[in-house]
Amino acid sequence: MRTGLTEEQVRLRIKQGQVNKQPQEPSRTIWEIIRTHLFTTFNFLNAVLAIAVLIAGSPKNALFVGVILFNTFIGLFQELRAKATLEKLSVLHVTQVQVCRSAQDRAIPAEELVMDDMMILKPGDRIAADAIVLSDGSLEVDESLLTGEADPIGKREGSQILAGSFVVAGTGYAKVSKVGAGTYAAKLANEAKRFKRINSELQGAVNKLFKFIMWLVVPIGAMLILTQLFFTHATWQEAVIAAVSGIVSMVPEGLVLLTSATFVMAIAKLAKHHTLVQELPATEVLARVDVLCLDKTGTITEGNLELVDVVLLDHDPAERVDAVLSGIVHALPSMNPTQDAIRERYNQASSLDVIDKVPFSSDRKWSGAAFESEGAWVLGAPEMILKDDYARIQKDVEREASQGRRVLVLAQVDHETFQNERIQGARVAALLLIADRIREEAPEALGYFAKEGVTIKVISGDNPVTVSAVASRAGVFGAERYIDARTLPEDPDQLASIAEAYTIFGRVTPHQKKLLVQALQSRGHTVAMTGDGVNDVLALKEADCGIAMASGSDAAKAVSQLVLLTSDFSVLPKVVMEGRKIINNLEKVSVLFLSKTVYSILLSIIFTCILMPYPMMPIHVTLIGGLMIGIPAFFLAMSSNHARVQPGFLRRVLRSAIPNAVILTSVTLAMFLYAHNSGVSTAEARTLAVLVLGGASVVVLTRIARPLNGYKIQLVIAMLMLFTAAFVTPLGKEIFMLTTDTLSHLIPAFSLVFLTWPMLSLSNRLVRRII
């Protein structure tokens, strides 16, 4: 009689820390999320500038600080919402475990297991800690979430079983050998603890610009303050506000905000397709992906087996074969996936009386039943049942296996040998063809990626021949190029060559999945990885974009950027299309923001050198930035655009932004110098400069909005009317510090605005010829 641990032994182990406390999943804490979004160089710079303006006594000129607050709120809200959603999805944890303690069976929470506890296992139980099977245990264990191996594994006395796997057949006792962070699953997940920021080219480009601008901010800001204070006879308050105006207009804060806002809009749309986006740039990265790594089970296939056909080989009537099959599958406990597939066909129990039965064992690879009127029958692997006679049907079996089907034999045997579990002279009555059920939507989704130039790699723990056949049925291009991962080289260069050459990888270990992702990345590929098990965690973390199934392990979901809430990868084309729309449209409108950044740098340098008052105040920058850049850019970013994403985002944007900025700088400088030399006040000269810069910005906006349609024309007209209202309404003039009472130089101003279009056309043609 087994007694298990005593209460005193349990208390001692708890005191020693040998308790099954689960380690935290490899995701960020709330504080880490807040710190990442709040304490940034961008936020720090804008906060310092806002404080400087407030000290100078001009609160309205500090309106730009709203961008900081809104942008920070967007990022925080999205990541905290995603974290909360994941916590709700965490339904796969073991809650109760049956143990034997002090000679009594009891149910305890999984986290109260201690080292050496004796677990009582039965079919359907999820194993809560690593353990060793005891002498009277005989189990069939599904370890697919840990190893990727789809077939149940037989476990006998002395065999190790792993936390996170579950019992599909058999009963028995197991002694806990490792708990908590010491389990295999926890160690694997722990390797993914390091937080890795998603590789966003868009955010990378903005960060490069921001770093460059930061190097300019201090010297240009200092020079602006000095020139405004000592050479323009301005007060220190006016000098600070002018310097802040130049610095604020240099920083593309609107682009940062627009990027976050459009990502959130995309996330809201994808939520309708049951896709949880955990990091804002995930849709962008997936749109850039050129290699998509998939697992077979749960991605290409449903994870459920299907009885495709029953092929009669002898003279037994079909009715007899059907009755025997029904009798066998209903006589045994239905936890084996293969048996479930047969039972789905024969859902009604036969009228045959069962007098004996032998459950499935992975060692013998067959199960069976003896009937009072029909004798003994077995069902299982052909080579194990037929033994030396297997050659008779070997070609048939191999032909079906090449098509991704598993072949089982139904055979009649002598009852005496059946009872001894040493069958001989089996008479084959039928072949059963079992296949993974291809997801109905898989061929269409795979076809989409093939058409869009995305290479598919199937990485699985299953037999490569079987995976190849299944992938071929699903329509994976190059599925005939398969390799057994046990033969993969360790040399990184050789592995990279093989990763490029082959499409199907079978018998892959968790660490090999990670190495394959790294190998593909080393050849310049942007790699996405789908997965659902602990065995996928390392690869999901290493990939440029990790995509987890909601039905999978918590660790897999925690390290991924996207979680498919219905575990249906057919929604990925929608994610890709949404990402393409974001990137292509943001590239177009980024020209607006970077044109402003470049002309602000040029104006700051020029007015520092000519020792004149800066031509704009921060509130003027807010007016032009909002109406001619921020608001229209948001609406343009929502336009339909599913063109394939090309690398080189920053280069293409600057090629358009720089000539635009040169022309905008030229017309603004010309207007301010003309007005200043005409004897008007600095306030009126600034108003004229704002009028010209705003009008020229409308021209730039119109050119970027092309091809024009009714919607875009209305957008441009609306922005122009709002801009005009700022000059002609008392409230607008007061808010935006515009002086138009003695405005007497409108003809030169409008002339410069009208000249902007031909000058922009000429400069852009010259740049395209040069670059």
# chains A, B, ... in the order shown; residues from 1 in each chain; ligands from 1

call {"tool": "select_by_dssp", "arguments": {"residues": "segment 503-574 of chain A", "states": "helix (DSSP H, G or I)", "output": "NGL selection string"}}
result
:A and (510-522 or 534-542 or 554-559 or 569-574)

call {"tool": "residues_around", "arguments": {"residues": "Thr275 of chain A", "least_positions_apart": "5", "cutoff": "7 Å", "atoms": "only C-alpha atoms", "output": "ChimeraX atom specification"}}
result
/A:270,562-565

call {"tool": "residues_around", "arguments": {"residues": "Gly694 of chain A", "least_positions_apart": "6", "cutoff": "8 Å", "atoms": "only C-alpha atoms", "output": "list in words"}}
result
Ile624, Met628 and Phe723 of chain A

call {"tool": "write_last_selection", "arguments": {"atoms": "all heavy atoms", "output": "PDB file, in the first residue's frame"}}
result
ATOM      1  N   ILE A 624       0.398  75.572 -38.025  1.00  0.00           N
ATOM      2  CA  ILE A 624       0.777  74.980 -39.319  1.00  0.00           C
ATOM      3  C   ILE A 624       0.929  73.467 -39.202  1.00  0.00           C
ATOM      4  O   ILE A 624       0.468  72.707 -40.061  1.00  0.00           O
ATOM      5  CB  ILE A 624       2.082  75.622 -39.834  1.00  0.00           C
ATOM      6  CG1 ILE A 624       1.849  77.107 -40.124  1.00  0.00           C
ATOM      7  CG2 ILE A 624       2.579  74.907 -41.094  1.00  0.00           C
ATOM      8  CD1 ILE A 624       3.097  77.874 -40.504  1.00  0.00           C
ATOM      9  N   MET A 628      -1.809  71.659 -41.534  1.00  0.00           N
ATOM     10  CA  MET A 628      -1.192  71.271 -42.804  1.00  0.00           C
ATOM     11  C   MET A 628      -0.453  69.936 -42.744  1.00  0.00           C
ATOM     12  O   MET A 628      -0.048  69.410 -43.778  1.00  0.00           O
ATOM     13  CB  MET A 628      -0.194  72.369 -43.265  1.00  0.00           C
ATOM     14  CG  MET A 628      -0.829  73.728 -43.383  1.00  0.00           C
ATOM     15  SD  MET A 628      -2.353  73.678 -44.364  1.00  0.00           S
ATOM     16  CE  MET A 628      -3.065  75.251 -43.940  1.00  0.00           C
ATOM     17  N   PHE A 723      -7.327  77.281 -41.866  1.00  0.00           N
ATOM     18  CA  PHE A 723      -6.132  78.123 -41.819  1.00  0.00           C
ATOM     19  C   PHE A 723      -6.515  79.584 -42.060  1.00  0.00           C
ATOM     20  O   PHE A 723      -6.035  80.491 -41.369  1.00  0.00           O
ATOM     21  CB  PHE A 723      -5.123  77.643 -42.859  1.00  0.00           C
ATOM     22  CG  PHE A 723      -3.810  78.385 -42.831  1.00  0.00           C
ATOM     23  CD1 PHE A 723      -2.973  78.300 -41.722  1.00  0.00           C
ATOM     24  CD2 PHE A 723      -3.419  79.176 -43.903  1.00  0.00           C
ATOM     25  CE1 PHE A 723      -1.763  78.992 -41.693  1.00  0.00           C
ATOM     26  CE2 PHE A 723      -2.215  79.865 -43.878  1.00  0.00           C
ATOM     27  CZ  PHE A 723      -1.382  79.768 -42.769  1.00  0.00           C
TER      28      PHE A 723
END

call {"tool": "residues_around", "arguments": {"residues": "Phe371 of chain A", "least_positions_apart": "5", "cutoff": "7 Å", "atoms": "only C-alpha atoms", "output": "ChimeraX atom specification"}}
result
/A:352-355,376

call {"tool": "residues_around", "arguments": {"residues": "Thr259 of chain A", "least_positions_apart": "6", "cutoff": "12 Å", "atoms": "only C-alpha atoms", "output": "PyMOL selection string"}}
result
chain A and resi 71+74-75+200+202-203+205-206+252-253+265-266+280-281+283-284+579+582-587+589-590+593+630+633-634+637-638

call {"tool": "atom_distance", "arguments": {"atom1": "atom CA of Ser138 of chain A", "atom2": "atom CA of Val10 of chain A"}}
result
26.2 Å

call {"tool": "residues_around", "arguments": {"residues": "segment 484-497 of chain A", "least_positions_apart": "6", "cutoff": "9 Å", "atoms": "only C-alpha atoms", "output": "CSV table (one decimal) with N, CA, C and O atoms, in the first residue's frame"}}
result
chain,number,residue,atom,x,y,z
A,461,GLY,N,7.8,19.1,-35.0
A,461,GLY,CA,8.4,18.0,-34.3
A,461,GLY,C,8.1,16.6,-34.8
A,461,GLY,O,8.6,15.6,-34.4
A,463,ASN,N,7.3,13.6,-37.9
A,463,ASN,CA,8.1,12.9,-39.0
A,463,ASN,C,8.2,13.8,-40.2
A,463,ASN,O,7.1,14.2,-40.7
A,464,PRO,N,9.3,14.1,-40.8
A,464,PRO,CA,9.4,15.0,-41.9
A,464,PRO,C,8.7,14.5,-43.2
A,464,PRO,O,8.1,15.3,-43.9
A,465,VAL,N,8.6,13.2,-43.4
A,465,VAL,CA,7.9,12.6,-44.5
A,465,VAL,C,6.4,12.9,-44.4
A,465,VAL,O,5.7,13.4,-45.3
A,504,ILE,N,10.5,22.0,-45.6
A,504,ILE,CA,10.0,21.2,-44.5
A,504,ILE,C,11.1,20.7,-43.6
A,504,ILE,O,12.1,20.1,-44.0
A,505,PHE,N,10.9,21.0,-42.3
A,505,PHE,CA,11.9,20.5,-41.3
A,505,PHE,C,11.1,19.7,-40.2
A,505,PHE,O,10.2,20.2,-39.6
A,506,GLY,N,11.5,18.4,-40.1
A,506,GLY,CA,10.8,17.5,-39.2
A,506,GLY,C,11.7,17.1,-38.0
A,506,GLY,O,13.0,17.2,-38.1
A,507,ARG,N,11.1,16.6,-37.0
A,507,ARG,CA,11.9,16.2,-35.8
A,507,ARG,C,12.7,17.3,-35.2
A,507,ARG,O,13.9,17.1,-34.8
A,508,VAL,N,12.2,18.5,-35.2
A,508,VAL,CA,12.9,19.7,-34.7
A,508,VAL,C,12.8,19.9,-33.2
A,508,VAL,O,11.7,19.8,-32.7
A,509,THR,N,13.9,20.1,-32.5
A,509,THR,CA,13.9,20.4,-31.1
A,509,THR,C,13.6,21.8,-30.9
A,509,THR,O,13.8,22.7,-31.8
A,512,GLN,N,16.5,24.0,-31.8
A,512,GLN,CA,16.8,24.0,-33.2
A,512,GLN,C,15.8,24.9,-33.9
A,512,GLN,O,16.2,25.6,-34.9
A,515,LEU,N,17.4,28.2,-33.6
A,515,LEU,CA,18.6,28.3,-34.5
A,515,LEU,C,18.2,28.5,-36.0
A,515,LEU,O,18.8,29.2,-36.7
A,516,LEU,N,17.1,27.8,-36.4
A,516,LEU,CA,16.6,28.0,-37.8
A,516,LEU,C,16.1,29.4,-38.0
A,516,LEU,O,16.4,30.0,-39.1
A,518,GLN,N,17.2,32.1,-36.4
A,518,GLN,CA,18.4,32.9,-36.5
A,518,GLN,C,19.2,32.7,-37.8
A,518,GLN,O,19.7,33.7,-38.4
A,519,ALA,N,19.2,31.5,-38.3
A,519,ALA,CA,19.9,31.2,-39.6
A,519,ALA,C,19.2,32.0,-40.7
A,519,ALA,O,19.9,32.5,-41.6
A,520,LEU,N,17.9,32.0,-40.8
A,520,LEU,CA,17.1,32.7,-41.8
A,520,LEU,C,17.4,34.2,-41.7
A,520,LEU,O,17.5,34.9,-42.7
A,521,GLN,N,17.4,34.7,-40.5
A,521,GLN,CA,17.7,36.2,-40.2
A,521,GLN,C,19.1,36.5,-40.7
A,521,GLN,O,19.3,37.7,-41.2
A,522,SER,N,20.0,35.6,-40.5
A,522,SER,CA,21.4,35.9,-40.9
A,522,SER,C,21.5,36.1,-42.4
A,522,SER,O,22.5,36.7,-42.9
A,523,ARG,N,20.6,35.6,-43.2
A,523,ARG,CA,20.6,35.8,-44.6
A,523,ARG,C,19.7,37.0,-45.0
A,523,ARG,O,19.3,37.1,-46.2

call {"tool": "atom_distance", "arguments": {"atom1": "atom CA of Val407 of chain A", "atom2": "atom CA of Ala381 of chain A"}}
result
7.1 Å

call {"tool": "residues_around", "arguments": {"residues": "Ala169 of chain A", "least_positions_apart": "5", "cutoff": "10 Å", "atoms": "only C-alpha atoms", "output": "list in words"}}
result
Leu121, Lys122, Pro123, Gly124, Asp125, Ser138, Leu139, Glu140, Val141, Asp142, Pro152, Gly154, Leu332, Pro333, Ser334, Met335, Asn336, Pro359, Phe360 and Ser361 of chain A

call {"tool": "write_last_selection", "arguments": {"atoms": "all heavy atoms", "output": "compact mmCIF listing (two decimals), in the first residue's frame"}}
result
# COMPACT_ATOMS: atom_id res chain seq x y z
N LEU A 121 -2.40 9.73 -11.36
CA LEU A 121 -2.71 10.19 -12.71
C LEU A 121 -3.70 9.26 -13.39
O LEU A 121 -3.63 8.04 -13.25
CB LEU A 121 -1.42 10.29 -13.53
CG LEU A 121 -0.36 11.26 -12.98
CD1 LEU A 121 0.93 11.13 -13.78
CD2 LEU A 121 -0.87 12.69 -12.99
N LYS A 122 -4.57 9.89 -14.18
CA LYS A 122 -5.57 9.13 -14.95
C LYS A 122 -5.78 9.86 -16.27
O LYS A 122 -5.33 11.01 -16.44
CB LYS A 122 -6.87 9.03 -14.17
CG LYS A 122 -7.50 10.35 -13.82
CD LYS A 122 -8.74 10.14 -12.97
CE LYS A 122 -9.43 11.48 -12.66
NZ LYS A 122 -8.57 12.43 -11.97
N PRO A 123 -6.45 9.24 -17.25
CA PRO A 123 -6.65 9.87 -18.55
C PRO A 123 -7.31 11.26 -18.43
O PRO A 123 -8.26 11.44 -17.67
CB PRO A 123 -7.58 8.89 -19.28
CG PRO A 123 -7.25 7.57 -18.68
CD PRO A 123 -6.97 7.86 -17.23
N GLY A 124 -6.75 12.22 -19.16
CA GLY A 124 -7.27 13.59 -19.16
C GLY A 124 -6.55 14.51 -18.21
O GLY A 124 -6.71 15.73 -18.29
N ASP A 125 -5.72 13.99 -17.29
CA ASP A 125 -5.02 14.82 -16.32
C ASP A 125 -3.86 15.56 -16.98
O ASP A 125 -3.09 14.96 -17.73
CB ASP A 125 -4.47 13.98 -15.16
CG ASP A 125 -5.55 13.55 -14.20
OD1 ASP A 125 -6.68 14.06 -14.32
OD2 ASP A 125 -5.26 12.69 -13.34
N SER A 138 1.37 2.81 -15.85
CA SER A 138 1.47 2.55 -17.29
C SER A 138 0.66 3.63 -17.99
O SER A 138 -0.57 3.59 -17.96
CB SER A 138 0.93 1.15 -17.62
OG SER A 138 0.97 0.94 -19.01
N LEU A 139 1.36 4.58 -18.57
CA LEU A 139 0.69 5.77 -19.08
C LEU A 139 1.02 6.02 -20.55
O LEU A 139 2.08 5.63 -21.04
CB LEU A 139 1.12 7.01 -18.28
CG LEU A 139 1.00 6.96 -16.75
CD1 LEU A 139 1.70 8.16 -16.14
CD2 LEU A 139 -0.46 6.92 -16.34
N GLU A 140 0.08 6.68 -21.25
CA GLU A 140 0.33 7.24 -22.57
C GLU A 140 0.24 8.76 -22.41
O GLU A 140 -0.79 9.28 -21.96
CB GLU A 140 -0.73 6.76 -23.58
CG GLU A 140 -0.76 5.26 -23.78
CD GLU A 140 0.46 4.75 -24.53
OE1 GLU A 140 1.00 5.50 -25.36
OE2 GLU A 140 0.86 3.60 -24.29
N VAL A 141 1.32 9.46 -22.75
CA VAL A 141 1.41 10.89 -22.46
C VAL A 141 1.57 11.70 -23.74
O VAL A 141 2.40 11.35 -24.60
CB VAL A 141 2.59 11.17 -21.50
CG1 VAL A 141 2.74 12.66 -21.26
CG2 VAL A 141 2.37 10.44 -20.18
N ASP A 142 0.80 12.76 -23.86
CA ASP A 142 0.91 13.70 -24.99
C ASP A 142 1.84 14.83 -24.57
O ASP A 142 1.53 15.61 -23.67
CB ASP A 142 -0.48 14.25 -25.35
CG ASP A 142 -0.44 15.18 -26.56
OD1 ASP A 142 0.64 15.71 -26.88
OD2 ASP A 142 -1.49 15.37 -27.18
N PRO A 152 1.28 10.15 -28.94
CA PRO A 152 1.43 9.88 -27.50
C PRO A 152 2.68 9.03 -27.25
O PRO A 152 3.04 8.17 -28.06
CB PRO A 152 0.15 9.12 -27.15
CG PRO A 152 -0.83 9.51 -28.21
CD PRO A 152 -0.03 9.70 -29.46
N GLY A 154 4.62 6.34 -24.72
CA GLY A 154 4.42 5.36 -23.66
C GLY A 154 5.37 5.60 -22.50
O GLY A 154 6.55 5.86 -22.70
N LEU A 332 -13.00 0.44 -25.53
CA LEU A 332 -11.82 1.00 -24.88
C LEU A 332 -12.06 2.47 -24.53
O LEU A 332 -12.84 3.15 -25.18
CB LEU A 332 -10.61 0.86 -25.81
CG LEU A 332 -10.29 -0.57 -26.25
CD1 LEU A 332 -9.21 -0.55 -27.33
CD2 LEU A 332 -9.85 -1.41 -25.06
N PRO A 333 -11.36 3.00 -23.49
CA PRO A 333 -11.50 4.42 -23.16
C PRO A 333 -11.02 5.29 -24.31
O PRO A 333 -9.95 5.05 -24.87
CB PRO A 333 -10.61 4.59 -21.92
CG PRO A 333 -9.66 3.43 -21.97
CD PRO A 333 -10.40 2.30 -22.61
N SER A 334 -11.79 6.29 -24.67
CA SER A 334 -11.48 7.10 -25.85
C SER A 334 -10.67 8.33 -25.47
O SER A 334 -11.21 9.39 -25.22
CB SER A 334 -12.78 7.53 -26.54
OG SER A 334 -12.51 8.34 -27.65
N MET A 335 -9.34 8.18 -25.40
CA MET A 335 -8.47 9.33 -25.18
C MET A 335 -7.41 9.42 -26.26
O MET A 335 -6.77 10.44 -26.43
CB MET A 335 -7.79 9.23 -23.81
CG MET A 335 -8.71 9.52 -22.64
SD MET A 335 -9.49 11.14 -22.73
CE MET A 335 -8.05 12.19 -22.64
N ASN A 336 -7.19 8.34 -27.00
CA ASN A 336 -6.21 8.33 -28.07
C ASN A 336 -6.77 9.07 -29.29
O ASN A 336 -7.89 8.78 -29.73
CB ASN A 336 -5.91 6.87 -28.42
CG ASN A 336 -4.79 6.75 -29.43
OD1 ASN A 336 -4.89 7.29 -30.52
ND2 ASN A 336 -3.75 6.02 -29.06
N PRO A 359 -6.11 -2.56 -24.03
CA PRO A 359 -5.98 -1.14 -24.41
C PRO A 359 -4.71 -0.88 -25.21
O PRO A 359 -3.77 -1.67 -25.20
CB PRO A 359 -5.95 -0.42 -23.07
CG PRO A 359 -5.47 -1.43 -22.09
CD PRO A 359 -5.97 -2.76 -22.59
N PHE A 360 -4.69 0.28 -25.87
CA PHE A 360 -3.54 0.64 -26.71
C PHE A 360 -2.29 0.86 -25.86
O PHE A 360 -2.35 1.39 -24.75
CB PHE A 360 -3.85 1.91 -27.49
CG PHE A 360 -2.71 2.37 -28.36
CD1 PHE A 360 -2.51 1.80 -29.61
CD2 PHE A 360 -1.84 3.35 -27.92
CE1 PHE A 360 -1.46 2.21 -30.41
CE2 PHE A 360 -0.78 3.77 -28.72
CZ PHE A 360 -0.59 3.20 -29.97
N SER A 361 -1.17 0.45 -26.40
CA SER A 361 0.13 0.69 -25.78
C SER A 361 1.10 1.13 -26.86
O SER A 361 1.13 0.55 -27.95
CB SER A 361 0.66 -0.59 -25.10
OG SER A 361 2.05 -0.49 -24.88

call {"tool": "closest_residue", "arguments": {"among": "A:Pro659, A:Val680, A:Arg651, A:Leu731", "to": "Arg765 of chain A", "atoms": "only C-alpha atoms"}}
result
A:Pro659

call {"tool": "atom_distance", "arguments": {"atom1": "atom CA of Leu5 of chain A", "atom2": "atom CA of Val168 of chain A"}}
result
26.4 Å

call {"tool": "closest_residue", "arguments": {"among": "A:Arg288, A:His415, A:Lys211, A:Lys387", "to": "Gly375 of chain A", "atoms": "only C-alpha atoms"}}
result
A:His415

call {"tool": "select_by_dssp", "arguments": {"residues": "segment 543-766 of chain A", "states": "strand (DSSP E)", "output": "JSON, numbers by chain"}}
result
{"A": [545, 546, 547, 548, 549, 562, 563, 564]}

call {"tool": "closest_residue", "arguments": {"among": "A:Thr301, A:Ser744, A:Ser102, A:Ser553", "to": "Asp568 of chain A", "atoms": "only C-alpha atoms"}}
result
A:Thr301
